[in-house]
$ cat structure.csv   # CSV, C-alpha atoms and all ligand atoms
chain,number,residue,atom,x,y,z
A,290,MET,CA,8.2,-17.4,-19.6
A,291,LEU,CA,11.8,-17.2,-20.9
A,292,ARG,CA,12.4,-13.8,-19.3
A,293,GLU,CA,11.5,-15.2,-15.9
A,294,GLU,CA,13.6,-18.3,-16.4
A,295,VAL,CA,16.6,-16.3,-17.3
A,296,LEU,CA,16.1,-14.2,-14.2
A,297,ASP,CA,15.7,-17.4,-12.1
A,298,LEU,CA,19.0,-18.6,-13.4
A,299,LEU,CA,20.8,-15.4,-12.6
A,300,VAL,CA,19.4,-15.4,-9.1
A,301,GLU,CA,20.5,-19.0,-8.5
A,302,ALA,CA,24.0,-17.8,-9.1
A,303,GLN,CA,23.7,-15.6,-6.0
A,304,GLY,CA,25.5,-12.6,-7.3
A,305,SER,CA,28.1,-14.5,-9.3
A,306,TYR,CA,28.5,-14.3,-13.1
A,307,VAL,CA,26.6,-16.8,-15.3
A,308,SER,CA,28.2,-17.2,-18.7
A,309,GLY,CA,26.4,-16.4,-21.9
A,310,GLU,CA,27.2,-19.9,-23.1
A,311,ASN,CA,25.5,-21.4,-20.0
A,312,ILE,CA,22.3,-19.3,-20.7
A,313,SER,CA,22.3,-20.1,-24.4
A,314,GLN,CA,22.7,-23.9,-23.7
A,315,ARG,CA,20.2,-24.0,-20.9
A,316,PHE,CA,17.4,-22.3,-23.0
A,317,GLN,CA,18.6,-23.4,-26.4
A,318,LEU,CA,19.1,-19.8,-27.5
A,319,THR,CA,21.7,-18.3,-29.8
A,320,ARG,CA,24.2,-16.0,-28.2
A,321,ALA,CA,22.5,-13.1,-30.0
A,322,ALA,CA,19.1,-14.1,-28.5
A,323,VAL,CA,20.7,-14.2,-25.0
A,324,TRP,CA,22.0,-10.7,-25.5
A,325,LYS,CA,18.6,-9.5,-26.6
A,326,GLN,CA,17.0,-11.0,-23.5
A,327,ILE,CA,19.5,-9.3,-21.3
A,328,GLN,CA,18.9,-5.9,-23.1
A,329,ALA,CA,15.1,-6.3,-22.6
A,330,LEU,CA,15.7,-7.0,-18.9
A,331,LYS,CA,17.9,-3.9,-18.6
A,332,GLU,CA,15.2,-1.8,-20.3
A,333,ALA,CA,12.7,-3.1,-17.7
A,334,GLY,CA,15.0,-1.7,-15.0
A,335,TYR,CA,17.0,-4.8,-14.0
A,336,LYS,CA,20.6,-4.0,-13.3
A,337,ILE,CA,22.7,-6.6,-15.1
A,338,GLU,CA,26.4,-6.4,-15.2
A,339,ALA,CA,28.1,-7.9,-18.2
A,340,GLN,CA,31.8,-9.0,-18.5
A,341,THR,CA,33.1,-10.4,-21.7
A,342,LYS,CA,35.0,-13.2,-19.9
A,343,ASN,CA,32.6,-14.1,-17.2
A,344,GLY,CA,29.1,-13.4,-18.5
A,345,TYR,CA,26.2,-11.8,-16.7
A,346,ARG,CA,25.4,-10.9,-13.1
A,347,LEU,CA,22.2,-9.7,-11.6
A,348,ALA,CA,23.1,-6.6,-9.6
A,349,GLY,CA,19.6,-5.1,-8.9
A,350,THR,CA,15.9,-5.3,-9.6
A,351,PRO,CA,13.6,-2.6,-10.9
A,352,LEU,CA,12.2,0.1,-8.6
A,353,SER,CA,8.9,0.2,-10.7
A,354,LEU,CA,6.3,-2.5,-10.3
A,355,ASP,CA,7.5,-5.8,-11.9
A,356,LYS,CA,5.9,-9.2,-11.7
A,357,TRP,CA,9.1,-11.2,-11.2
A,358,ALA,CA,10.6,-8.8,-8.7
A,359,LEU,CA,7.4,-8.6,-6.6
A,360,LYS,CA,7.0,-12.4,-6.7
A,361,HIS,CA,10.5,-12.8,-5.3
A,362,LYS,CA,10.0,-10.3,-2.5
A,363,LEU,CA,6.5,-11.6,-1.3
A,364,GLN,CA,6.7,-13.2,2.1
A,365,THR,CA,3.0,-13.7,2.7
A,366,LYS,CA,0.9,-16.9,2.8
A,367,GLU,CA,-2.4,-15.5,1.6
A,368,LEU,CA,-2.3,-11.8,0.6
A,369,GLY,CA,-0.9,-11.3,-2.9
A,370,HIS,CA,-1.6,-14.9,-4.0
A,371,PRO,CA,-2.2,-14.3,-6.8
A,372,PHE,CA,-1.4,-10.7,-7.7
A,373,TYR,CA,-1.7,-8.9,-11.0
A,374,ILE,CA,-0.1,-5.7,-12.2
A,375,ARG,CA,-1.5,-3.4,-14.9
A,376,ASP,CA,0.1,-0.4,-16.5
A,377,GLU,CA,-3.1,1.7,-16.3
A,378,ILE,CA,-6.5,1.2,-14.9
A,379,PRO,CA,-9.3,3.6,-13.8
A,380,SER,CA,-9.3,2.4,-10.2
A,381,THR,CA,-7.8,-0.7,-8.6
A,382,ASN,CA,-10.7,-0.8,-6.2
A,383,ASP,CA,-13.2,-1.0,-9.1
A,384,TRP,CA,-11.0,-3.6,-10.7
A,385,ALA,CA,-11.0,-5.6,-7.4
A,386,LYS,CA,-14.8,-5.3,-7.1
A,387,ASP,CA,-15.2,-6.7,-10.6
A,388,GLU,CA,-12.9,-9.6,-9.7
A,389,ALA,CA,-14.7,-10.3,-6.5
A,390,ARG,CA,-18.0,-10.4,-8.2
A,391,GLN,CA,-16.5,-12.9,-10.7
A,392,GLY,CA,-15.2,-15.1,-7.9
A,393,GLY,CA,-12.0,-13.4,-7.0
A,394,GLN,CA,-10.8,-15.0,-3.7
A,395,HIS,CA,-9.4,-13.8,-0.4
A,396,GLY,CA,-5.9,-12.4,-0.9
A,397,LEU,CA,-6.1,-11.5,-4.5
A,398,ALA,CA,-4.1,-8.3,-4.9
A,399,LEU,CA,-4.4,-5.9,-7.8
A,400,LEU,CA,-1.8,-3.2,-8.6
A,401,ALA,CA,-1.6,-0.5,-11.2
A,402,LYS,CA,1.3,1.7,-12.2
A,403,LYS,CA,-1.2,4.5,-12.8
A,404,GLN,CA,-4.9,5.1,-12.1
A,405,THR,CA,-7.0,7.4,-14.3
A,406,ALA,CA,-10.0,7.6,-12.0
A,407,GLY,CA,-8.6,6.8,-8.5
A,408,ARG,CA,-11.2,7.3,-5.8
A,409,GLY,CA,-11.0,8.7,-2.3
A,410,ARG,CA,-13.7,8.4,0.4
A,411,LEU,CA,-17.1,10.0,-0.2
A,412,GLN,CA,-16.5,9.9,-4.0
A,413,ARG,CA,-13.6,12.2,-3.8
A,414,TYR,CA,-10.8,12.1,-6.4
A,415,TRP,CA,-7.5,10.4,-5.6
A,416,GLU,CA,-4.6,11.5,-7.8
A,417,SER,CA,-2.6,8.5,-8.9
A,418,PRO,CA,0.1,9.4,-11.4
A,419,ILE,CA,3.0,7.0,-12.3
A,420,GLY,CA,5.4,6.5,-9.5
A,421,GLY,CA,2.8,5.8,-6.8
A,422,LEU,CA,1.8,2.5,-5.3
A,423,TRP,CA,-1.9,1.9,-6.1
A,424,LEU,CA,-3.0,-1.4,-4.6
A,425,SER,CA,-6.3,-3.1,-3.7
A,426,VAL,CA,-6.7,-6.4,-1.9
A,427,ILE,CA,-9.8,-8.7,-1.7
A,428,LEU,CA,-10.4,-9.9,1.9
A,429,CYS,CA,-13.0,-12.4,3.1
A,430,PRO,CA,-12.1,-12.0,6.8
A,431,ASN,CA,-13.0,-14.3,9.6
A,432,LEU,CA,-14.6,-11.4,11.5
A,433,SER,CA,-18.1,-10.3,12.6
A,434,LEU,CA,-19.7,-7.7,10.3
A,435,ALA,CA,-19.1,-5.0,12.9
A,436,ASP,CA,-15.4,-5.9,13.1
A,437,ALA,CA,-14.9,-6.2,9.4
A,438,ALA,CA,-15.8,-2.5,9.2
A,439,LYS,CA,-12.8,-1.7,11.3
A,440,LEU,CA,-10.3,-3.3,8.8
A,441,THR,CA,-9.4,0.1,7.5
A,442,LEU,CA,-8.0,0.8,11.0
A,443,SER,CA,-5.9,-2.3,10.8
A,444,THR,CA,-4.7,-1.3,7.4
A,445,SER,CA,-3.5,2.1,8.7
A,446,VAL,CA,-1.5,0.3,11.4
A,447,ALA,CA,0.0,-2.0,8.7
A,448,VAL,CA,0.9,1.0,6.6
A,449,VAL,CA,2.6,2.8,9.5
A,450,ASP,CA,4.6,-0.3,10.4
A,451,THR,CA,5.7,-0.8,6.8
A,452,LEU,CA,7.0,2.8,6.4
A,453,LYS,CA,8.8,2.5,9.8
A,454,GLU,CA,10.3,-0.8,8.9
A,455,LEU,CA,11.5,0.1,5.4
A,456,TYR,CA,12.5,3.8,5.8
A,457,SER,CA,12.4,4.4,9.6
A,458,LEU,CA,9.8,7.1,8.9
A,459,ASP,CA,8.1,8.8,11.8
A,460,VAL,CA,4.6,8.7,10.4
A,461,GLY,CA,1.3,8.6,12.3
A,462,ILE,CA,-2.4,8.0,11.7
A,463,LYS,CA,-5.0,10.7,11.5
A,464,TRP,CA,-8.4,9.4,12.3
A,465,PRO,CA,-9.8,7.3,10.8
A,466,ASN,CA,-7.0,6.2,8.5
A,467,ASP,CA,-4.9,8.8,6.8
A,468,VAL,CA,-1.2,8.4,7.2
A,469,LEU,CA,0.7,11.7,7.6
A,470,PHE,CA,4.3,12.8,7.8
A,471,GLN,CA,4.7,16.2,9.5
A,472,GLY,CA,1.1,17.0,8.9
A,473,GLN,CA,1.1,16.1,5.2
A,474,LYS,CA,-0.7,13.1,3.7
A,475,VAL,CA,1.4,10.3,2.3
A,476,VAL,CA,-1.1,7.5,2.2
A,477,GLY,CA,-4.9,7.2,1.8
A,478,ILE,CA,-7.0,4.1,2.5
A,479,LEU,CA,-10.4,3.3,1.1
A,480,GLY,CA,-12.3,0.2,2.4
A,481,GLU,CA,-15.4,-0.9,0.5
A,482,VAL,CA,-17.8,-3.7,0.8
A,483,VAL,CA,-18.8,-6.0,-2.0
A,484,GLY,CA,-22.5,-6.9,-2.0
A,485,GLU,CA,-24.7,-6.4,1.0
A,486,TRP,CA,-23.2,-6.2,4.4
A,487,ASN,CA,-25.4,-8.9,5.7
A,488,THR,CA,-24.9,-11.4,2.9
A,489,VAL,CA,-21.5,-11.5,1.3
A,490,GLN,CA,-18.7,-10.5,3.6
A,491,THR,CA,-16.1,-9.5,1.1
A,492,MET,CA,-14.1,-6.3,1.5
A,493,ILE,CA,-11.9,-4.4,-0.8
A,494,LEU,CA,-9.1,-2.6,0.8
A,495,GLY,CA,-7.6,0.1,-1.4
A,496,ILE,CA,-4.3,1.7,-0.4
A,497,GLY,CA,-2.7,4.6,-2.2
A,498,ILE,CA,0.9,5.5,-1.3
A,499,ASN,CA,2.5,8.6,-2.8
A,500,ALA,CA,5.9,6.9,-3.3
A,501,ASN,CA,8.0,8.0,-6.2
A,502,LEU,CA,6.1,11.2,-6.9
A,503,SER,CA,7.5,14.7,-7.1
A,504,ARG,CA,5.5,17.4,-5.3
A,505,GLU,CA,4.6,19.1,-8.6
A,506,SER,CA,2.7,15.9,-9.7
A,507,LEU,CA,0.4,16.3,-6.7
A,508,SER,CA,-2.0,19.2,-6.8
A,509,GLY,CA,-2.9,18.6,-3.1
A,510,GLY,CA,-0.1,21.1,-2.6
A,511,ALA,CA,0.9,21.7,1.0
A,512,ALA,CA,-1.4,19.0,2.3
A,513,ALA,CA,0.2,16.2,0.4
A,514,THR,CA,3.7,14.8,0.2
A,515,SER,CA,5.5,11.7,-1.1
A,516,LEU,CA,8.2,9.3,0.1
A,517,LYS,CA,10.5,10.6,-2.6
A,518,GLU,CA,10.1,14.2,-1.3
A,519,ILE,CA,10.7,13.0,2.3
A,520,LEU,CA,13.6,10.6,1.6
A,521,GLY,CA,15.2,12.4,-1.3
A,522,ARG,CA,15.3,9.3,-3.3
A,523,GLU,CA,13.1,6.8,-5.2
A,524,VAL,CA,12.0,3.7,-3.4
A,525,ASP,CA,11.5,0.1,-4.6
A,526,LEU,CA,7.8,-0.3,-5.2
A,527,ASN,CA,8.1,-4.1,-5.2
A,528,GLU,CA,9.7,-4.1,-1.8
A,529,LEU,CA,7.1,-1.6,-0.6
A,530,ALA,CA,4.2,-3.7,-1.9
A,531,ALA,CA,5.6,-6.9,-0.5
A,532,SER,CA,6.2,-5.4,3.0
A,533,LEU,CA,2.8,-3.8,3.0
A,534,LEU,CA,1.1,-7.1,2.2
A,535,LYS,CA,3.1,-8.8,4.9
A,536,HIS,CA,2.1,-6.3,7.6
A,537,LEU,CA,-1.5,-6.4,6.4
A,538,GLU,CA,-1.5,-10.1,6.7
A,539,LEU,CA,-0.1,-9.9,10.2
A,540,GLU,CA,-2.6,-7.3,11.3
A,541,LEU,CA,-5.5,-9.3,9.9
A,542,GLN,CA,-4.3,-12.4,11.7
A,543,ALA,CA,-3.9,-10.5,14.9
A,544,PHE,CA,-7.3,-8.9,14.6
A,545,GLU,CA,-9.0,-12.2,13.9
A,546,LYS,CA,-7.3,-13.8,16.9
A,547,GLU,CA,-7.2,-11.1,19.5
A,548,GLY,CA,-10.2,-8.9,18.6
A,549,PHE,CA,-10.7,-5.2,18.5
A,550,ALA,CA,-9.4,-4.3,22.0
A,551,ARG,CA,-5.8,-5.1,21.0
A,552,LEU,CA,-6.2,-3.5,17.5
A,553,ARG,CA,-7.4,-0.4,19.3
A,554,GLU,CA,-4.2,-0.4,21.4
A,555,ARG,CA,-2.0,-0.7,18.3
A,556,TRP,CA,-4.0,2.0,16.5
A,557,LEU,CA,-3.9,4.4,19.4
A,558,ALA,CA,-0.1,3.8,19.8
A,559,ARG,CA,0.3,5.2,16.2
A,560,ALA,CA,-2.4,7.9,16.3
A,561,LEU,CA,-1.7,11.6,15.9
A,562,GLY,CA,-3.4,14.1,18.1
A,563,LEU,CA,-4.4,11.7,20.9
A,564,GLY,CA,-5.1,13.8,24.0
A,565,SER,CA,-4.8,17.0,22.1
A,566,PRO,CA,-7.2,19.6,20.9
A,567,VAL,CA,-8.8,18.8,17.5
A,568,VAL,CA,-11.6,20.0,15.4
A,569,VAL,CA,-14.1,17.6,13.9
A,570,THR,CA,-16.2,18.8,11.1
A,571,ARG,CA,-19.4,17.1,10.1
A,572,GLY,CA,-21.4,18.6,7.3
A,573,GLU,CA,-21.7,22.3,8.2
A,574,GLN,CA,-20.9,21.9,11.8
A,575,SER,CA,-17.6,21.9,13.7
A,576,TYR,CA,-16.9,20.6,17.1
A,577,GLU,CA,-13.8,21.4,19.1
A,578,GLY,CA,-12.5,19.3,21.9
A,579,ILE,CA,-9.9,16.8,23.1
A,580,PHE,CA,-9.4,13.7,21.1
A,581,LYS,CA,-9.9,11.0,23.8
A,582,GLY,CA,-9.6,7.8,21.8
A,583,LEU,CA,-11.7,5.2,20.0
A,584,SER,CA,-15.1,3.7,21.0
A,585,ASP,CA,-15.7,0.0,20.8
A,586,ASP,CA,-17.0,0.6,17.3
A,587,GLY,CA,-13.9,2.4,16.2
A,588,GLU,CA,-15.6,5.8,16.4
A,589,LEU,CA,-13.7,8.9,17.4
A,590,LEU,CA,-14.3,10.1,21.0
A,591,LEU,CA,-14.2,13.8,21.5
A,592,ASN,CA,-14.4,15.5,24.9
A,593,THR,CA,-15.7,19.1,24.5
A,594,GLY,CA,-15.3,19.9,28.2
A,595,GLU,CA,-19.0,19.7,28.6
A,596,ARG,CA,-19.7,16.3,27.1
A,597,GLU,CA,-18.2,13.4,25.2
A,598,LEU,CA,-19.2,13.2,21.6
A,599,VAL,CA,-18.9,10.2,19.3
A,600,PHE,CA,-18.1,10.5,15.6
A,601,SER,CA,-18.4,7.6,13.1
A,602,ALA,CA,-17.6,9.8,10.1
A,603,GLY,CA,-16.4,13.3,9.5
A,604,GLU,CA,-13.3,15.3,8.9
A,605,VAL,CA,-10.7,15.9,11.6
A,606,SER,CA,-8.3,18.7,11.8
A,607,LEU,CA,-5.3,18.3,14.1
A,608,ARG,CA,-3.7,21.2,15.9
A,609,SER,CA,-0.2,21.9,14.6
A,610,LEU,CA,2.8,22.9,16.8
A,611,THR,CA,2.4,26.5,15.7
A,612,GLY,CA,-1.2,26.5,16.8
A,613,GLY,CA,-3.1,26.3,13.5
A,614,TYR,CA,-4.9,23.2,12.4
A,615,PHE,CA,-3.9,20.8,9.7
A,616,THR,CA,-6.8,20.2,7.5
A,617,SER,CA,-5.7,17.2,5.5
B,1,LIG,C1,-8.5,8.7,0.8
B,1,LIG,O1,-9.6,9.4,0.6
B,1,LIG,O2,-7.5,9.1,1.4
B,1,LIG,C2,-8.5,7.3,0.2
B,1,LIG,C3,-7.6,7.1,-1.0
B,1,LIG,C4,-7.5,5.7,-1.5
B,1,LIG,C5,-6.7,5.6,-2.7
B,1,LIG,C6,-6.5,4.1,-3.1
B,1,LIG,S1,-5.4,4.0,-4.4
B,1,LIG,C7,-5.8,2.3,-4.7
B,1,LIG,C8,-7.3,2.3,-4.5
B,1,LIG,N1,-8.0,2.5,-5.7
B,1,LIG,C9,-8.8,3.6,-5.7
B,1,LIG,O3,-9.4,4.1,-6.6
B,1,LIG,N2,-8.6,4.2,-4.4
B,1,LIG,C10,-7.8,3.4,-3.6
B,1,LIG,P1,-9.9,10.8,1.2
B,1,LIG,O4,-9.7,10.8,2.7
B,1,LIG,O5,-11.3,11.1,0.8
B,1,LIG,O6,-8.9,11.8,0.6
B,1,LIG,C11,-9.2,12.3,-0.7
B,1,LIG,C12,-8.6,13.8,-0.7
B,1,LIG,O7,-7.2,13.7,-0.6
B,1,LIG,C13,-9.0,14.5,-2.0
B,1,LIG,O8,-10.2,15.2,-1.9
B,1,LIG,C14,-7.7,15.4,-2.1
B,1,LIG,O9,-7.9,16.6,-1.4
B,1,LIG,C15,-6.6,14.7,-1.4
B,1,LIG,N3,-5.8,13.9,-2.4
B,1,LIG,C16,-6.1,13.5,-3.6
B,1,LIG,N4,-5.1,12.7,-4.2
B,1,LIG,C17,-4.2,12.7,-3.2
B,1,LIG,C18,-2.9,12.2,-3.2
B,1,LIG,N5,-2.4,11.4,-4.1
B,1,LIG,N6,-2.1,12.4,-2.0
B,1,LIG,C19,-2.6,13.1,-1.0
B,1,LIG,N7,-3.8,13.7,-1.0
B,1,LIG,C20,-4.6,13.5,-2.1

$ encode --input "structure.csv" --output "structure tokens"
Amino acid sequence: MLREEVLDLLVEAQGSYVSGENISQRFQLTRAAVWKQIQALKEAGYKIEAQTKNGYRLAGTPLSLDKWALKHKLQTKELGHPFYIRDEIPSTNDWAKDEARQGGQHGLALLAKKQTAGRGRLQRYWESPIGGLWLSVILCPNLSLADAAKLTLSTSVAVVDTLKELYSLDVGIKWPNDVLFQGQKVVGILGEVVGEWNTVQTMILGIGINANLSRESLSGGAAATSLKEILGREVDLNELAASLLKHLELELQAFEKEGFARLRERWLARALGLGSPVVVTRGEQSYEGIFKGLSDDGELLLNTGERELVFSAGEVSLRSLTGGYFTS
């Protein structure tokens, strides 16, 4: 594609100017057509500086999802190869499931600028306006069925490491895999299996990051926040997606090689509320106790003082510093 070739040429110049004449000769375009290409790139969010004497210089890539920009930032071997970006889709997890059923392979990543029917766990709704990172990856991991179910735990570790690496954010994981900043949810993770557990071992990992969203666009209110609210600026979604896929690939490799015991250590090192009083709600019932850790199956261990309870699903509330419980 011409647009991408022009960008490649600008990148080759490593920050120096490329003359309009050079571009027009290389791609056999009129100078007016070069100018038009440059305008289109600027409209797509590329920062291109123009000087009458020297030509054009690439000074920055778009913050919003962009095929070329993401391709240039990807550092993975498998995850994100290939990847596709759509402007709007009901749910990237549903899109990924369709792709997997039609032969979509391990590593395929699907991203949308906006979801109209984003899904949370237990058929809950996930708000996904423009500005967020809504991403699903197809994985065919080299893991036992029992371990594959713990991939959402790896994903939460990868998300925490991504946010720490890029923005030095002090985020933590609320069991099983919500990522919170000061008690407010920034990231949600939804792992789903394609086909029967005992036949096809294909998983869809869906990750939703409230990135460039204002608080008003999230009706989750006090329980939800975004990177933009926390950092006071917009972030580069291409950089964020590339870093996330890198950390996810590293986590997956580590899990396949070292097994759950090491993953559990990494998860616990990033967990919120470990050793503290928490409330676990399952259906109508609530259980209060000390959050002791994870079982061999990735379940939550709760010590009530009288006995140790094990939870494979349920809602957890963590005690806040002021004594109340976070519910998100
Ligand atoms: C989750 O569910 O946290 C998993 C969310 C996964 C979303 C990704 S986006 C890409 C992929 N495609 C999809 O369709 N889904 C995945 P859960 O723990 O059930 O949390 C859902 C609850 O969080 C809702 O009931 C709301 O209370 C709240 N919520 C909804 N949207 C939110 C948002 N954007 N930020 C924070 N909280 C939200």

$ residues_near_ligand --input "structure.csv" --ligand "ligand LIG 1 (chain B)" --cutoff "7 Å" --atoms "only C-alpha atoms and all ligand atoms" --output "ChimeraX atom specification"
/A:380-383,406-411,413-417,423-425,467,474-479,495-497,499,507,509,512-514

$ closest_residue --input "structure.csv" --among "A:Thr593, A:Ser457, A:Gln404, A:Gln303" --to "Phe580 of chain A" --atoms "all atoms listed in the file"
A:Thr593

$ axis_aligned_box --input "structure.csv" --around "segment 469-480 of chain A" --padding-each-side "5 Å" --output "AutoDock Vina command-line options"
--center_x -3.8 --center_y 8.6 --center_z 5.3 --size_x 27.0 --size_y 26.8 --size_z 18.4

$ atom_distance --input "structure.csv" --atom1 "atom CA of Asp459 of chain A" --atom2 "atom CA of Leu529 of chain A"
16.2 Å

$ atom_distance --input "structure.csv" --atom1 "atom CA of Lys342 of chain A" --atom2 "atom CA of Gln328 of chain A"
18.0 Å

$ closest_residue --input "structure.csv" --among "A:Ala321, A:Ile427, A:Ala531, A:Leu352" --to "Asn501 of chain A" --atoms "only C-alpha atoms"
A:Leu352

$ atom_distance --input "structure.csv" --atom1 "atom CA of Leu533 of chain A" --atom2 "atom CA of Thr451 of chain A"
5.6 Å

$ closest_residue --input "structure.csv" --among "A:Gly392, A:Ile378, A:Leu397, A:Ala385" --to "Val482 of chain A" --atoms "all atoms listed in the file"
A:Ala385

$ closest_residue --input "structure.csv" --among "A:Arg320, A:His361, A:Arg375, A:Lys331" --to "Leu347 of chain A" --atoms "all atoms listed in the file"
A:Lys331

$ closest_residue --input "structure.csv" --among "A:Lys356, A:Thr341, A:Gly572, A:Ala560" --to "Met290 of chain A" --atoms "only C-alpha atoms"
A:Lys356

$ closest_residue --input "structure.csv" --among "A:Glu604, A:Glu338, A:Asp525, A:Glu540" --to "Thr444 of chain A" --atoms "only C-alpha atoms"
A:Glu540

$ decode --input "structure.csv" --residues "segment 403-418 of chain A" --atoms "N, CA, C and O atoms" --output "compact mmCIF listing (two decimals), in the first residue's frame"
# COMPACT_ATOMS: atom_id res chain seq x y z
N LYS A 403 -13.77 0.39 19.02
CA LYS A 403 -14.98 0.53 19.83
C LYS A 403 -15.73 -0.79 19.80
O LYS A 403 -15.78 -1.43 18.75
N GLN A 404 -16.30 -1.22 20.92
CA GLN A 404 -17.17 -2.41 20.92
C GLN A 404 -18.60 -1.95 21.24
O GLN A 404 -18.80 -1.12 22.12
N THR A 405 -19.54 -2.54 20.54
CA THR A 405 -20.93 -2.16 20.81
C THR A 405 -21.62 -3.16 21.73
O THR A 405 -22.67 -2.88 22.27
N ALA A 406 -21.02 -4.33 21.90
CA ALA A 406 -21.60 -5.32 22.82
C ALA A 406 -20.46 -6.04 23.55
O ALA A 406 -20.40 -7.27 23.56
N GLY A 407 -19.57 -5.24 24.14
CA GLY A 407 -18.45 -5.81 24.90
C GLY A 407 -18.99 -6.65 26.05
O GLY A 407 -19.99 -6.29 26.67
N ARG A 408 -18.33 -7.76 26.31
CA ARG A 408 -18.84 -8.67 27.35
C ARG A 408 -17.86 -8.80 28.51
O ARG A 408 -16.65 -8.84 28.32
N GLY A 409 -18.42 -8.86 29.72
CA GLY A 409 -17.64 -9.18 30.91
C GLY A 409 -17.86 -10.65 31.24
O GLY A 409 -18.40 -11.40 30.42
N ARG A 410 -17.46 -11.04 32.44
CA ARG A 410 -17.70 -12.43 32.85
C ARG A 410 -19.19 -12.59 33.18
O ARG A 410 -19.89 -11.60 33.43
N LEU A 411 -19.64 -13.82 33.21
CA LEU A 411 -21.02 -14.15 33.58
C LEU A 411 -22.04 -13.31 32.79
O LEU A 411 -23.02 -12.82 33.34
N GLN A 412 -21.74 -13.12 31.51
CA GLN A 412 -22.63 -12.37 30.60
C GLN A 412 -22.88 -10.93 31.05
O GLN A 412 -23.90 -10.33 30.70
N ARG A 413 -21.96 -10.37 31.82
CA ARG A 413 -22.12 -8.97 32.18
C ARG A 413 -21.64 -8.09 31.02
O ARG A 413 -20.90 -8.54 30.15
N TYR A 414 -22.07 -6.83 31.07
CA TYR A 414 -21.75 -5.90 29.99
C TYR A 414 -20.40 -5.26 30.26
O TYR A 414 -20.04 -4.99 31.40
N TRP A 415 -19.64 -5.03 29.20
CA TRP A 415 -18.36 -4.32 29.35
C TRP A 415 -18.39 -3.08 28.47
O TRP A 415 -18.48 -3.16 27.25
N GLU A 416 -18.36 -1.94 29.12
CA GLU A 416 -18.42 -0.68 28.37
C GLU A 416 -17.13 -0.47 27.58
O GLU A 416 -16.05 -0.54 28.14
N SER A 417 -17.28 -0.19 26.28
CA SER A 417 -16.10 -0.13 25.42
C SER A 417 -16.17 1.01 24.42
O SER A 417 -16.20 0.81 23.21
N PRO A 418 -16.20 2.24 24.92
CA PRO A 418 -16.26 3.37 23.97
C PRO A 418 -14.91 3.59 23.28
O PRO A 418 -13.90 2.98 23.66
